[in-house]
Amino acid sequence: MTHAATEQFEDRLVWAYLHTFLRYGLIHSAVDGPDGQWFVQIGPEHQIHHLTDIEDACDFVLEILEIIDGTWGGEQ
């Protein structure tokens, strides 16, 4: 995979997670910003998280997944 193809794949993967989180009410809003940035709000009263690059976005997604895992007690 070329570097551009890898970045595009990562962006799409992040959006897939964010859309899923939105669909199930795990986050309040997510907006795609310029130059690979995202703006995400967990709840209407919460601060807006400015994810400046793919690393920030991946870290955010992982944090949400850890919260979900912790809430559900790691059940399968």
# chains A, B, ... in the order shown; residues from 1 in each chain; ligands from 1
$ select_by_dssp --residues "stretch 13-72 of chain A" --states "strand (DSSP E or B)" --output "ChimeraX atom specification"
/A:29-32,38-41,48-51
$ residues_around --residues "A:Glu45" --least-positions-apart "5" --cutoff "12 Å" --atoms "only C-alpha atoms" --output "list in words"
Ile27, His28 and Ser29 of chain A
$ select_by_dssp --residues "chain A" --states "helix (DSSP H, G or I)" --output "tab-separated table (two decimals) with N, CA and C atoms, in the first residue's frame"
chain	number	residue	atom	x	y	z
A	3	HIS	N	1.63	5.27	0.77
A	3	HIS	CA	1.38	6.10	1.94
A	3	HIS	C	-0.01	6.76	1.84
A	4	ALA	N	-0.35	7.27	0.67
A	4	ALA	CA	-1.66	7.92	0.48
A	4	ALA	C	-2.79	6.92	0.67
A	5	ALA	N	-2.62	5.71	0.15
A	5	ALA	CA	-3.66	4.68	0.30
A	5	ALA	C	-3.81	4.29	1.76
A	6	THR	N	-2.71	4.22	2.49
A	6	THR	CA	-2.75	3.89	3.91
A	6	THR	C	-3.50	4.97	4.68
A	7	GLU	N	-3.19	6.23	4.40
A	7	GLU	CA	-3.88	7.34	5.08
A	7	GLU	C	-5.37	7.33	4.78
A	8	GLN	N	-5.73	7.07	3.52
A	8	GLN	CA	-7.14	7.02	3.16
A	8	GLN	C	-7.85	5.88	3.88
A	9	PHE	N	-7.21	4.73	3.97
A	9	PHE	CA	-7.78	3.60	4.69
A	9	PHE	C	-7.98	3.95	6.16
A	10	GLU	N	-6.97	4.55	6.78
A	10	GLU	CA	-7.06	4.92	8.19
A	10	GLU	C	-8.19	5.92	8.41
A	11	ASP	N	-8.31	6.92	7.53
A	11	ASP	CA	-9.38	7.90	7.65
A	11	ASP	C	-10.75	7.23	7.57
A	12	ARG	N	-10.91	6.32	6.63
A	12	ARG	CA	-12.19	5.63	6.47
A	12	ARG	C	-12.49	4.74	7.67
A	13	LEU	N	-11.47	4.11	8.21
A	13	LEU	CA	-11.66	3.27	9.39
A	13	LEU	C	-12.10	4.10	10.59
A	14	VAL	N	-11.46	5.24	10.79
A	14	VAL	CA	-11.85	6.12	11.89
A	14	VAL	C	-13.29	6.56	11.70
A	15	TRP	N	-13.66	6.96	10.48
A	15	TRP	CA	-15.03	7.39	10.24
A	15	TRP	C	-16.02	6.26	10.45
A	16	ALA	N	-15.65	5.06	10.11
A	16	ALA	CA	-16.54	3.92	10.34
A	16	ALA	C	-16.83	3.77	11.83
A	17	TYR	N	-15.79	3.88	12.65
A	17	TYR	CA	-15.99	3.80	14.09
A	17	TYR	C	-16.83	4.98	14.60
A	18	LEU	N	-16.50	6.20	14.17
A	18	LEU	CA	-17.24	7.37	14.64
A	18	LEU	C	-18.72	7.28	14.25
A	19	HIS	N	-19.00	6.84	13.03
A	19	HIS	CA	-20.40	6.69	12.61
A	19	HIS	C	-21.10	5.63	13.44
A	20	THR	N	-20.41	4.55	13.75
A	20	THR	CA	-21.00	3.51	14.60
A	20	THR	C	-21.28	4.07	16.00
A	21	PHE	N	-20.33	4.81	16.55
A	21	PHE	CA	-20.53	5.42	17.87
A	21	PHE	C	-21.72	6.36	17.84
A	22	LEU	N	-21.85	7.15	16.76
A	22	LEU	CA	-23.00	8.05	16.62
A	22	LEU	C	-24.31	7.27	16.56
A	23	ARG	N	-24.31	6.23	15.75
A	23	ARG	CA	-25.52	5.43	15.53
A	23	ARG	C	-26.06	4.84	16.84
A	34	PRO	N	-10.81	20.17	8.22
A	34	PRO	CA	-9.82	20.25	7.15
A	34	PRO	C	-8.55	19.47	7.48
A	35	ASP	N	-7.87	19.02	6.45
A	35	ASP	CA	-6.54	18.40	6.59
A	35	ASP	C	-6.49	17.24	7.57
A	36	GLY	N	-7.48	16.34	7.49
A	36	GLY	CA	-7.45	15.15	8.33
A	36	GLY	C	-7.72	15.39	9.79
A	54	ILE	N	-4.49	11.57	12.46
A	54	ILE	CA	-4.96	10.18	12.54
A	54	ILE	C	-4.57	9.54	13.87
A	55	GLU	N	-3.43	9.91	14.41
A	55	GLU	CA	-3.01	9.34	15.70
A	55	GLU	C	-3.97	9.76	16.81
A	56	ASP	N	-4.34	11.05	16.84
A	56	ASP	CA	-5.31	11.52	17.84
A	56	ASP	C	-6.64	10.79	17.67
A	57	ALA	N	-7.08	10.66	16.42
A	57	ALA	CA	-8.35	10.01	16.14
A	57	ALA	C	-8.34	8.55	16.57
A	58	CYS	N	-7.26	7.85	16.28
A	58	CYS	CA	-7.15	6.45	16.69
A	58	CYS	C	-7.13	6.32	18.20
A	59	ASP	N	-6.40	7.21	18.87
A	59	ASP	CA	-6.38	7.21	20.34
A	59	ASP	C	-7.78	7.43	20.90
A	60	PHE	N	-8.53	8.35	20.31
A	60	PHE	CA	-9.89	8.63	20.76
A	60	PHE	C	-10.77	7.41	20.58
A	61	VAL	N	-10.70	6.79	19.42
A	61	VAL	CA	-11.50	5.58	19.14
A	61	VAL	C	-11.15	4.49	20.15
A	62	LEU	N	-9.86	4.29	20.41
A	62	LEU	CA	-9.45	3.26	21.36
A	62	LEU	C	-9.96	3.56	22.77
A	63	GLU	N	-9.95	4.84	23.16
A	63	GLU	CA	-10.47	5.20	24.48
A	63	GLU	C	-11.96	4.87	24.60
A	64	ILE	N	-12.72	5.16	23.55
A	64	ILE	CA	-14.16	4.84	23.57
A	64	ILE	C	-14.35	3.32	23.65
A	65	LEU	N	-13.57	2.59	22.88
A	65	LEU	CA	-13.68	1.13	22.91
A	65	LEU	C	-13.32	0.58	24.29
A	66	GLU	N	-12.33	1.17	24.96
A	66	GLU	CA	-11.96	0.74	26.31
A	66	GLU	C	-13.09	1.04	27.29
A	67	ILE	N	-13.76	2.18	27.13
A	67	ILE	CA	-14.88	2.52	27.99
A	67	ILE	C	-16.00	1.50	27.79
A	68	ILE	N	-16.27	1.18	26.54
A	68	ILE	CA	-17.32	0.19	26.25
A	68	ILE	C	-16.96	-1.15	26.87
A	69	ASP	N	-15.73	-1.59	26.69
A	69	ASP	CA	-15.29	-2.85	27.26
A	69	ASP	C	-15.40	-2.84	28.78
A	70	GLY	N	-14.99	-1.74	29.40
A	70	GLY	CA	-15.07	-1.63	30.86
A	70	GLY	C	-16.50	-1.61	31.36
A	71	THR	N	-17.38	-0.95	30.62
A	71	THR	CA	-18.78	-0.87	31.00
A	71	THR	C	-19.46	-2.22	30.91
$ atom_distance --atom1 "atom CA of A:Ile48" --atom2 "atom CA of A:Tyr24"
18.8 Å
$ atom_distance --atom1 "atom CA of A:Leu26" --atom2 "atom CA of A:Ile42"
7.0 Å
$ residues_around --residues "A:Gln37" --least-positions-apart "2" --cutoff "8 Å" --atoms "only C-alpha atoms" --output "compact mmCIF listing (two decimals) with N, CA and C atoms, in the first residue's frame"
# COMPACT_ATOMS: atom_id res chain seq x y z
N ASP A 32 -16.02 16.14 10.29
CA ASP A 32 -14.76 16.03 9.57
C ASP A 32 -14.26 17.44 9.28
N GLY A 33 -13.08 17.76 9.78
CA GLY A 33 -12.51 19.08 9.56
C GLY A 33 -11.48 19.06 8.43
N PRO A 34 -10.81 20.17 8.22
CA PRO A 34 -9.82 20.25 7.15
C PRO A 34 -8.55 19.47 7.48
N ASP A 35 -7.87 19.02 6.45
CA ASP A 35 -6.54 18.40 6.59
C ASP A 35 -6.49 17.24 7.57
N PHE A 39 -13.60 16.85 14.75
CA PHE A 39 -14.13 17.50 15.94
C PHE A 39 -15.22 16.59 16.47
N HIS A 50 -10.80 18.19 19.75
CA HIS A 50 -10.20 18.50 18.46
C HIS A 50 -9.12 17.46 18.20
N LEU A 51 -9.40 16.55 17.29
CA LEU A 51 -8.45 15.49 16.94
C LEU A 51 -7.67 15.98 15.74
N THR A 52 -6.39 16.24 15.95
CA THR A 52 -5.61 16.96 14.93
C THR A 52 -5.02 16.08 13.84
N ASP A 53 -4.98 14.78 14.08
CA ASP A 53 -4.43 13.89 13.05
C ASP A 53 -4.93 12.47 13.29
N ILE A 54 -4.49 11.57 12.46
CA ILE A 54 -4.96 10.18 12.54
C ILE A 54 -4.57 9.54 13.87
$ decode --residues "chain A" --atoms "C-alpha atoms" --output "PDB file, in the first residue's frame"
ATOM      1  CA  MET A   1       0.000   0.000   0.000  1.00  0.00           C
ATOM      2  CA  THR A   2       1.218   3.480  -0.774  1.00  0.00           C
ATOM      3  CA  HIS A   3       1.375   6.103   1.945  1.00  0.00           C
ATOM      4  CA  ALA A   4      -1.656   7.916   0.482  1.00  0.00           C
ATOM      5  CA  ALA A   5      -3.655   4.683   0.303  1.00  0.00           C
ATOM      6  CA  THR A   6      -2.750   3.887   3.908  1.00  0.00           C
ATOM      7  CA  GLU A   7      -3.879   7.336   5.079  1.00  0.00           C
ATOM      8  CA  GLN A   8      -7.142   7.025   3.156  1.00  0.00           C
ATOM      9  CA  PHE A   9      -7.783   3.598   4.688  1.00  0.00           C
ATOM     10  CA  GLU A  10      -7.063   4.921   8.189  1.00  0.00           C
ATOM     11  CA  ASP A  11      -9.383   7.902   7.648  1.00  0.00           C
ATOM     12  CA  ARG A  12     -12.187   5.629   6.470  1.00  0.00           C
ATOM     13  CA  LEU A  13     -11.657   3.266   9.387  1.00  0.00           C
ATOM     14  CA  VAL A  14     -11.853   6.123  11.886  1.00  0.00           C
ATOM     15  CA  TRP A  15     -15.034   7.393  10.235  1.00  0.00           C
ATOM     16  CA  ALA A  16     -16.542   3.918  10.335  1.00  0.00           C
ATOM     17  CA  TYR A  17     -15.992   3.804  14.094  1.00  0.00           C
ATOM     18  CA  LEU A  18     -17.241   7.367  14.640  1.00  0.00           C
ATOM     19  CA  HIS A  19     -20.397   6.693  12.608  1.00  0.00           C
ATOM     20  CA  THR A  20     -21.004   3.515  14.600  1.00  0.00           C
ATOM     21  CA  PHE A  21     -20.528   5.415  17.867  1.00  0.00           C
ATOM     22  CA  LEU A  22     -22.998   8.049  16.625  1.00  0.00           C
ATOM     23  CA  ARG A  23     -25.525   5.431  15.533  1.00  0.00           C
ATOM     24  CA  TYR A  24     -25.562   3.784  18.951  1.00  0.00           C
ATOM     25  CA  GLY A  25     -25.528   7.035  20.901  1.00  0.00           C
ATOM     26  CA  LEU A  26     -22.019   6.608  22.306  1.00  0.00           C
ATOM     27  CA  ILE A  27     -21.022  10.078  21.097  1.00  0.00           C
ATOM     28  CA  HIS A  28     -23.119  13.168  20.414  1.00  0.00           C
ATOM     29  CA  SER A  29     -21.472  14.527  17.263  1.00  0.00           C
ATOM     30  CA  ALA A  30     -18.525  14.145  14.925  1.00  0.00           C
ATOM     31  CA  VAL A  31     -17.450  16.519  12.162  1.00  0.00           C
ATOM     32  CA  ASP A  32     -14.756  16.031   9.567  1.00  0.00           C
ATOM     33  CA  GLY A  33     -12.505  19.078   9.560  1.00  0.00           C
ATOM     34  CA  PRO A  34      -9.817  20.247   7.146  1.00  0.00           C
ATOM     35  CA  ASP A  35      -6.544  18.404   6.586  1.00  0.00           C
ATOM     36  CA  GLY A  36      -7.446  15.150   8.326  1.00  0.00           C
ATOM     37  CA  GLN A  37      -8.822  16.726  11.486  1.00  0.00           C
ATOM     38  CA  TRP A  38     -11.972  15.768  13.373  1.00  0.00           C
ATOM     39  CA  PHE A  39     -14.128  17.501  15.937  1.00  0.00           C
ATOM     40  CA  VAL A  40     -15.950  15.122  18.267  1.00  0.00           C
ATOM     41  CA  GLN A  41     -18.331  15.756  21.161  1.00  0.00           C
ATOM     42  CA  ILE A  42     -19.220  12.937  23.552  1.00  0.00           C
ATOM     43  CA  GLY A  43     -22.334  14.630  24.928  1.00  0.00           C
ATOM     44  CA  PRO A  44     -24.191  17.909  24.446  1.00  0.00           C
ATOM     45  CA  GLU A  45     -22.761  19.291  27.691  1.00  0.00           C
ATOM     46  CA  HIS A  46     -19.213  17.995  27.079  1.00  0.00           C
ATOM     47  CA  GLN A  47     -16.266  19.780  25.550  1.00  0.00           C
ATOM     48  CA  ILE A  48     -15.497  19.376  21.857  1.00  0.00           C
ATOM     49  CA  HIS A  49     -12.430  17.231  21.252  1.00  0.00           C
ATOM     50  CA  HIS A  50     -10.199  18.496  18.461  1.00  0.00           C
ATOM     51  CA  LEU A  51      -8.448  15.491  16.943  1.00  0.00           C
ATOM     52  CA  THR A  52      -5.608  16.957  14.935  1.00  0.00           C
ATOM     53  CA  ASP A  53      -4.433  13.891  13.053  1.00  0.00           C
ATOM     54  CA  ILE A  54      -4.963  10.184  12.541  1.00  0.00           C
ATOM     55  CA  GLU A  55      -3.013   9.344  15.703  1.00  0.00           C
ATOM     56  CA  ASP A  56      -5.314  11.518  17.839  1.00  0.00           C
ATOM     57  CA  ALA A  57      -8.355  10.014  16.142  1.00  0.00           C
ATOM     58  CA  CYS A  58      -7.150   6.450  16.686  1.00  0.00           C
ATOM     59  CA  ASP A  59      -6.380   7.206  20.338  1.00  0.00           C
ATOM     60  CA  PHE A  60      -9.891   8.635  20.757  1.00  0.00           C
ATOM     61  CA  VAL A  61     -11.497   5.582  19.145  1.00  0.00           C
ATOM     62  CA  LEU A  62      -9.446   3.265  21.357  1.00  0.00           C
ATOM     63  CA  GLU A  63     -10.467   5.204  24.480  1.00  0.00           C
ATOM     64  CA  ILE A  64     -14.159   4.841  23.565  1.00  0.00           C
ATOM     65  CA  LEU A  65     -13.679   1.128  22.912  1.00  0.00           C
ATOM     66  CA  GLU A  66     -11.965   0.738  26.309  1.00  0.00           C
ATOM     67  CA  ILE A  67     -14.881   2.523  27.987  1.00  0.00           C
ATOM     68  CA  ILE A  68     -17.320   0.191  26.251  1.00  0.00           C
ATOM     69  CA  ASP A  69     -15.288  -2.848  27.264  1.00  0.00           C
ATOM     70  CA  GLY A  70     -15.072  -1.630  30.858  1.00  0.00           C
ATOM     71  CA  THR A  71     -18.782  -0.872  31.001  1.00  0.00           C
ATOM     72  CA  TRP A  72     -19.743  -4.263  29.683  1.00  0.00           C
ATOM     73  CA  GLY A  73     -17.131  -5.974  31.843  1.00  0.00           C
ATOM     74  CA  GLY A  74     -15.344  -7.514  28.888  1.00  0.00           C
ATOM     75  CA  GLU A  75     -18.318  -9.814  28.208  1.00  0.00           C
ATOM     76  CA  GLN A  76     -18.577 -11.539  24.877  1.00  0.00           C
TER      77      GLN A  76
END
